[in-house]
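**Student:** Hey, dropping work07.txt in here, compact mmCIF, C-alpha atoms:
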# COMPACT_ATOMS: atom_id res chain seq x y z
CA ASP A 1 -7.65 -19.71 -2.43
CA THR A 2 -7.31 -16.00 -1.60
CA ALA A 3 -3.73 -15.11 -0.71
CA VAL A 4 -4.40 -12.46 1.95
CA SER A 5 -7.88 -12.41 3.40
CA GLN A 6 -9.36 -9.95 5.85
CA THR A 7 -12.61 -10.06 7.75
CA PRO A 8 -14.90 -8.31 7.96
CA LYS A 9 -14.99 -6.36 4.72
CA TYR A 10 -17.22 -3.69 6.24
CA LEU A 11 -17.45 -2.69 9.89
CA VAL A 12 -19.90 -0.07 11.13
CA THR A 13 -19.84 0.70 14.82
CA GLN A 14 -20.50 3.34 17.45
CA MET A 15 -17.90 5.55 19.10
CA GLY A 16 -16.44 4.00 22.21
CA ASN A 17 -16.86 0.40 21.08
CA ASP A 18 -14.07 -2.16 20.79
CA LYS A 19 -13.65 -4.04 17.52
CA SER A 20 -11.25 -6.47 15.85
CA ILE A 21 -10.20 -7.07 12.27
CA LYS A 22 -8.74 -10.43 11.34
CA CYS A 23 -6.16 -11.19 8.68
CA GLU A 24 -4.83 -14.46 7.36
CA GLN A 25 -2.32 -15.22 4.63
CA ASN A 26 -1.75 -18.59 2.97
CA LEU A 27 1.42 -17.61 1.12
CA GLY A 28 3.85 -18.89 3.72
CA HIS A 29 5.26 -15.39 4.21
CA ASP A 30 7.21 -14.47 7.32
CA THR A 31 6.18 -10.82 7.49
CA MET A 32 2.75 -9.25 7.86
CA TYR A 33 1.63 -5.63 7.98
CA TRP A 34 -1.25 -3.34 8.77
CA TYR A 35 -1.72 -0.19 6.70
CA LYS A 36 -4.34 2.53 7.14
CA GLN A 37 -5.85 4.38 4.17
CA ASP A 38 -7.64 7.59 5.07
CA SER A 39 -10.49 9.32 3.25
CA LYS A 40 -8.00 11.07 0.96
CA LYS A 41 -6.55 7.70 -0.08
CA PHE A 42 -3.31 8.31 1.82
CA LEU A 43 -1.71 5.03 2.91
CA LYS A 44 0.43 4.76 6.01
CA ILE A 45 2.01 1.79 7.71
CA MET A 46 0.86 1.04 11.23
CA PHE A 47 2.55 -2.20 12.25
CA SER A 48 4.69 -5.00 10.93
CA TYR A 49 5.33 -8.44 12.38
CA ASN A 50 8.02 -10.87 11.37
CA ASN A 51 7.53 -14.43 12.59
CA LYS A 52 5.16 -13.23 15.31
CA GLU A 53 7.61 -10.57 16.51
CA LEU A 54 6.68 -6.88 16.34
CA ILE A 55 9.20 -5.16 14.07
CA ILE A 56 7.60 -1.89 13.04
CA ASN A 57 5.36 0.12 15.35
CA GLU A 58 4.60 3.52 13.92
CA THR A 59 3.13 6.42 15.84
CA VAL A 60 -0.23 4.83 16.43
CA PRO A 61 -2.48 5.40 19.46
CA ASN A 62 -2.12 2.59 21.98
CA ARG A 63 -5.84 1.93 21.50
CA PHE A 64 -4.63 -0.07 18.50
CA SER A 65 -3.12 -3.41 19.42
CA PRO A 66 -1.93 -5.95 16.88
CA LYS A 67 -1.79 -9.62 17.77
CA SER A 68 -0.02 -12.35 15.84
CA PRO A 69 -0.92 -15.82 17.13
CA ASP A 70 1.19 -17.42 14.40
CA LYS A 71 3.01 -16.18 11.32
CA ALA A 72 -0.02 -16.71 9.09
CA HIS A 73 -2.29 -14.46 11.13
CA LEU A 74 -2.17 -10.83 12.18
CA ASN A 75 -5.22 -9.38 13.86
CA LEU A 76 -5.89 -5.76 14.76
CA HIS A 77 -7.84 -4.88 17.86
CA ILE A 78 -9.07 -1.34 18.39
CA ASN A 79 -10.32 -0.11 21.77
CA SER A 80 -12.57 2.87 22.43
CA LEU A 81 -13.17 3.67 18.78
CA GLU A 82 -13.16 7.33 17.75
CA LEU A 83 -14.60 9.10 14.72
CA GLY A 84 -11.08 9.66 13.38
CA ASP A 85 -10.49 5.92 13.21
CA SER A 86 -12.84 5.71 10.24
CA ALA A 87 -10.69 4.52 7.34
CA VAL A 88 -9.89 1.49 5.23
CA TYR A 89 -7.47 -0.88 6.93
CA PHE A 90 -5.31 -3.11 4.74
CA CYS A 91 -3.45 -6.18 5.80
CA ALA A 92 -0.46 -7.27 3.74
CA SER A 93 2.23 -9.90 3.76
CA SER A 94 5.63 -10.37 2.17
CA GLN A 95 8.66 -12.56 2.22
CA VAL A 96 11.37 -10.28 3.67
CA THR A 97 12.27 -7.80 0.91
CA GLU A 98 9.94 -9.14 -1.73
CA LYS A 99 6.76 -7.43 -2.88
CA LEU A 100 3.81 -6.95 -0.59
CA PHE A 101 0.57 -8.80 -1.19
CA PHE A 102 -2.41 -6.79 0.07
CA GLY A 103 -5.78 -7.93 1.26
CA SER A 104 -8.91 -6.29 -0.14
CA GLY A 105 -9.33 -4.05 2.89
CA THR A 106 -11.74 -3.51 5.78
CA GLN A 107 -13.79 -0.34 5.62
CA LEU A 108 -14.33 0.86 9.17
CA SER A 109 -17.01 3.48 9.80
CA VAL A 110 -17.31 4.91 13.30
CA LEU A 111 -20.58 6.73 13.96
CA ALA B 1 13.38 10.15 6.27
CA GLN B 2 12.30 9.01 2.88
CA SER B 3 9.32 10.53 1.11
CA VAL B 4 7.46 10.40 -2.18
CA THR B 5 5.58 13.11 -4.03
CA GLN B 6 3.16 12.32 -6.82
CA LEU B 7 2.44 15.28 -9.06
CA GLY B 8 -1.22 15.46 -9.93
CA SER B 9 -3.88 13.84 -7.82
CA HIS B 10 -5.97 13.24 -10.93
CA VAL B 11 -4.88 12.51 -14.49
CA SER B 12 -7.30 12.07 -17.36
CA VAL B 13 -6.32 10.70 -20.78
CA SER B 14 -8.14 9.41 -23.83
CA GLU B 15 -8.21 5.73 -24.67
CA GLY B 16 -5.15 4.96 -26.79
CA ALA B 17 -3.21 8.00 -25.55
CA LEU B 18 0.05 8.00 -23.63
CA VAL B 19 -0.22 7.63 -19.86
CA LEU B 20 2.34 9.52 -17.75
CA LEU B 21 2.10 9.50 -13.96
CA ARG B 22 4.78 11.46 -12.15
CA CYS B 23 6.64 10.47 -9.01
CA ASN B 24 9.56 12.14 -7.28
CA TYR B 25 11.27 10.69 -4.26
CA SER B 26 13.56 11.80 -1.49
CA SER B 27 15.96 9.27 -0.03
CA SER B 28 19.26 9.40 1.80
CA VAL B 29 20.23 5.94 0.56
CA PRO B 30 19.85 4.21 -2.80
CA PRO B 31 16.13 3.69 -2.94
CA TYR B 32 13.92 0.75 -3.68
CA LEU B 33 10.95 2.21 -5.60
CA PHE B 34 7.58 0.75 -6.43
CA TRP B 35 4.39 1.49 -8.30
CA TYR B 36 1.22 -0.11 -6.99
CA VAL B 37 -2.27 0.02 -8.53
CA GLN B 38 -5.56 -0.03 -6.64
CA TYR B 39 -8.76 -0.88 -8.47
CA PRO B 40 -12.05 0.19 -6.86
CA ASN B 41 -12.83 -1.68 -3.64
CA GLN B 42 -9.70 -3.78 -3.91
CA GLY B 43 -6.31 -3.97 -2.28
CA LEU B 44 -3.12 -2.78 -3.90
CA GLN B 45 -1.20 -4.88 -6.37
CA LEU B 46 2.34 -4.41 -7.54
CA LEU B 47 2.84 -3.00 -11.04
CA LEU B 48 6.62 -2.86 -10.98
CA LYS B 49 9.64 -2.22 -8.78
CA TYR B 50 13.12 -0.76 -9.06
CA THR B 51 15.83 -2.37 -6.96
CA SER B 52 19.05 -0.83 -8.38
CA ALA B 53 19.33 -3.09 -11.41
CA ALA B 54 18.19 -1.74 -14.80
CA THR B 55 16.96 1.85 -14.68
CA LEU B 56 14.10 1.11 -17.07
CA VAL B 57 11.72 -1.27 -15.35
CA LYS B 58 8.94 -3.12 -17.14
CA GLY B 59 5.86 -4.14 -15.24
CA ILE B 60 2.54 -5.79 -15.78
CA ASN B 61 -0.21 -4.59 -18.14
CA GLY B 62 2.23 -2.76 -20.43
CA PHE B 63 3.43 -0.26 -17.82
CA GLU B 64 7.03 0.75 -17.37
CA ALA B 65 8.95 3.24 -15.26
CA GLU B 66 12.35 4.86 -15.56
CA PHE B 67 14.55 5.56 -12.56
CA LYS B 68 16.42 8.87 -12.98
CA LYS B 69 18.76 9.52 -10.09
CA SER B 70 19.71 13.02 -11.27
CA GLU B 71 16.05 14.04 -11.25
CA THR B 72 15.08 11.87 -8.25
CA SER B 73 12.17 10.66 -10.35
CA PHE B 74 10.44 7.38 -11.09
CA HIS B 75 7.67 8.27 -13.53
CA LEU B 76 5.23 5.62 -14.72
CA THR B 77 4.28 5.39 -18.40
CA LYS B 78 2.17 3.32 -20.75
CA PRO B 79 2.20 4.00 -24.50
CA SER B 80 -1.50 3.39 -25.08
CA ALA B 81 -4.16 3.69 -22.40
CA HIS B 82 -6.92 1.13 -22.10
CA MET B 83 -10.24 1.59 -20.35
CA SER B 84 -9.24 -1.10 -17.86
CA ASP B 85 -6.31 1.08 -16.69
CA ALA B 86 -8.69 3.37 -14.80
CA ALA B 87 -7.61 3.07 -11.17
CA GLU B 88 -5.65 4.75 -8.37
CA TYR B 89 -1.88 4.54 -8.74
CA PHE B 90 0.57 4.80 -5.86
CA CYS B 91 4.29 5.39 -5.97
CA ALA B 92 6.24 4.17 -2.95
CA VAL B 93 9.76 4.09 -1.59
CA SER B 94 10.90 1.36 0.74
CA GLU B 95 12.72 1.83 4.01
CA TRP B 96 14.23 -1.20 5.63
CA LYS B 97 13.34 -1.32 9.31
CA GLY B 98 13.81 -5.03 9.93
CA ALA B 99 10.76 -5.36 7.74
CA GLN B 100 9.89 -3.55 4.57
CA LYS B 101 8.29 -0.20 5.38
CA LEU B 102 6.65 1.29 2.31
CA VAL B 103 6.26 5.06 2.30
CA PHE B 104 3.54 5.92 -0.19
CA GLY B 105 2.82 9.01 -2.22
CA GLN B 106 -0.64 10.48 -2.05
CA GLY B 107 -1.85 8.61 -5.11
CA THR B 108 -2.96 9.62 -8.61
CA ARG B 109 -6.39 8.74 -9.90
CA LEU B 110 -6.22 7.82 -13.59
CA THR B 111 -9.38 8.31 -15.64
CA ILE B 112 -9.63 7.02 -19.20
CA ASN B 113 -11.98 8.82 -21.59
CA PRO B 114 -13.53 6.82 -24.43
Rewrite the structure of this file - the entire thing - as structure tokens.
**Tutor:**
Amino acid sequence: DTAVSQTPKYLVTQMGNDKSIKCEQNLGHDTMYWYKQDSKKFLKIMFSYNNKELIINETVPNRFSPKSPDKAHLNLHINSLELGDSAVYFCASSQVTEKLFFGSGTQLSVL
Amino acid sequence: AQSVTQLGSHVSVSEGALVLLRCNYSSSVPPYLFWYVQYPNQGLQLLLKYTSAATLVKGINGFEAEFKKSETSFHLTKPSAHMSDAAEYFCAVSEWKGAQKLVFGQGTRLTINP
């Protein structure tokens, strides 16, 4: 009965490949997010969706494309992976201004 | 733009000692402020939040933080450290952009010595 679940937990891939990370929340929240945590632990928002509508789109390369098929799911697709994309990606959800619930993260390693 | 600075990337205290993690913020509007904790290989979880009510905010696991507008600070404290408090702590300020955009500090790793 995990609140925010992400798959896979670990993703190791070669440069140039395309990969997806899936996220699902069972909290009934309207808003979902993707955050990136770099090797120095710095966390930065990438995207936010509210009821399947893109609300926040930070300065992220257009190789990154979020997709929200319904308000319980927010997937992240990454094209043409680069070494610098290696990081931990966190999905989160919230109900408007309430606290964020984070998933346990997906560690992406690009070789 | 709002920002957060956490003083000290690494803090080490003895078990039973006072924990003090420092956070200063910059905001052009009254801020919403948060402390999140990240245990190894886990996501972040909320410790406490300030949303313009009481300036002294109590959170989970015995932590509390005091909002001081004059000092633009929101330091996190716990009177007596426990081994289980060892983790990475993040201070964050919230910007409202149609959704809640958290701007995080760089994090402070707390180590507890036996």
**Student:** Please provide the set of residues having any atom within 9 Å of Phe42 of chain A, restricted to all atoms listed in the file, with same-chain residues fewer than 6 positions apart removed, written as a PyMOL selection string.
**Tutor:** (chain A and resi 36) or (chain B and resi 104-107)
**Student:** With distances taken over all atoms listed in the file, which of A:Lys22, A:His77, A:Arg63, A:Lys9 is nearest to chain B?
**Tutor:**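 Looking at the shortest contact to chain B, the residue is A:Lys9.
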**Student:** Determine the nearest neighbour of chain B from the options A:Ser20, A:Thr97, A:Gln25, A:Asn62, counting all atoms listed in the file.
**Tutor:**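 Looking at the shortest contact to chain B, the residue is A:Thr97.
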**Student:** Please provide the set of residues having any atom within 8 Å of Glu66 of chain B, restricted to only C-alpha atoms, with same-chain residues fewer than 2 positions apart removed, written as a list in words.
**Tutor:**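 Here the answer would be Thr55, Leu56, Val57, Glu64, Lys68, Ser73, Phe74, His75 and Leu76 of chain B.
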**Student:** With a cut-off of 10 Å and counting all atoms listed in the file, select all residues of chain B in contact with chain A and give the selection as a PyMOL selection string.
**Tutor:** chain B and resi 32+34+36+38-46+48-49+88+90+92+94+96-109
**Student:** Using all atoms listed in the file for the distances, tell me which of B:Ser84, B:Thr111, B:Thr77, B:Ser3 is nearest to Trp35 of chain B.
**Tutor:**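 Checking each candidate against Trp35 of chain B, we get B:Thr77 as the closest.
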**Student:** Mind pulling up the distance from atom CA of Ser52 of chain B to atom CA of Gln2 of chain B?
**Tutor:**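 One can read the atom CA of Gln2 of chain B to atom CA of Ser52 of chain B distance as 16.4 Å.
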**Student:** So the first atom is atom CA of Ser28 of chain B and the second is atom CA of Leu110 of chain B; what is the distance between them in Å, to one decimal place?
**Tutor:**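 Separating atom CA of Ser28 of chain B from atom CA of Leu110 of chain B is a distance of 29.8 Å.
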**Student:** For each of A:Asp38, A:Glu24, A:Glu53, A:Asp70, take the minimum atom-to-atom distance to Gln6 of chain A, counting all atoms listed in the file, then give the residue where this is smallest.
**Tutor:**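 The answer is A:Glu24, which sits nearest to Gln6 of chain A.
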**Student:** Measure the distance from atom CA of Cys91 of chain B to atom CA of Val37 of chain B in Å and round it to one decimal.
**Tutor:** 8.9 Å
**Student:** Can you tell me, as a list in words, which residues sit within 6 Å of (-8.8, 6.5, -23.2) in the file's frame, using only C-alpha atoms?
**Tutor:**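 Those within range, by chain then number, are Val13, Ser14, Glu15, Gly16, Ala81, His82, Met83, Ile112, Asn113 and Pro114 of chain B.
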**Student:** Give the answer as one residue: which of B:Lys58, B:Val4, B:Tyr25, B:His10 has the shortest atom-to-atom distance to Ser70 of chain B, using only C-alpha atoms?
**Tutor:**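 Answer, going by the shortest atom-to-atom distance: B:Tyr25.
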**Student:** Which residues are near Ser80 of chain A? Cut-off 9 Å, all atoms listed in the file, ignore same chain within fewer than 3 positions. Put them as a list in words.
**Tutor:**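 What passes the distance filter is Met15, Gly16, Asn17, Asp18, Lys19 and Arg63 of chain A.
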**Student:** Go through A:Cys23, A:Ala3, A:Leu11, A:Val110 and flag the residue nearest Lys67 of chain A, using only C-alpha atoms for the distances.
**Tutor:**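 Ranked by minimum distance to Lys67 of chain A, first place goes to A:Cys23.
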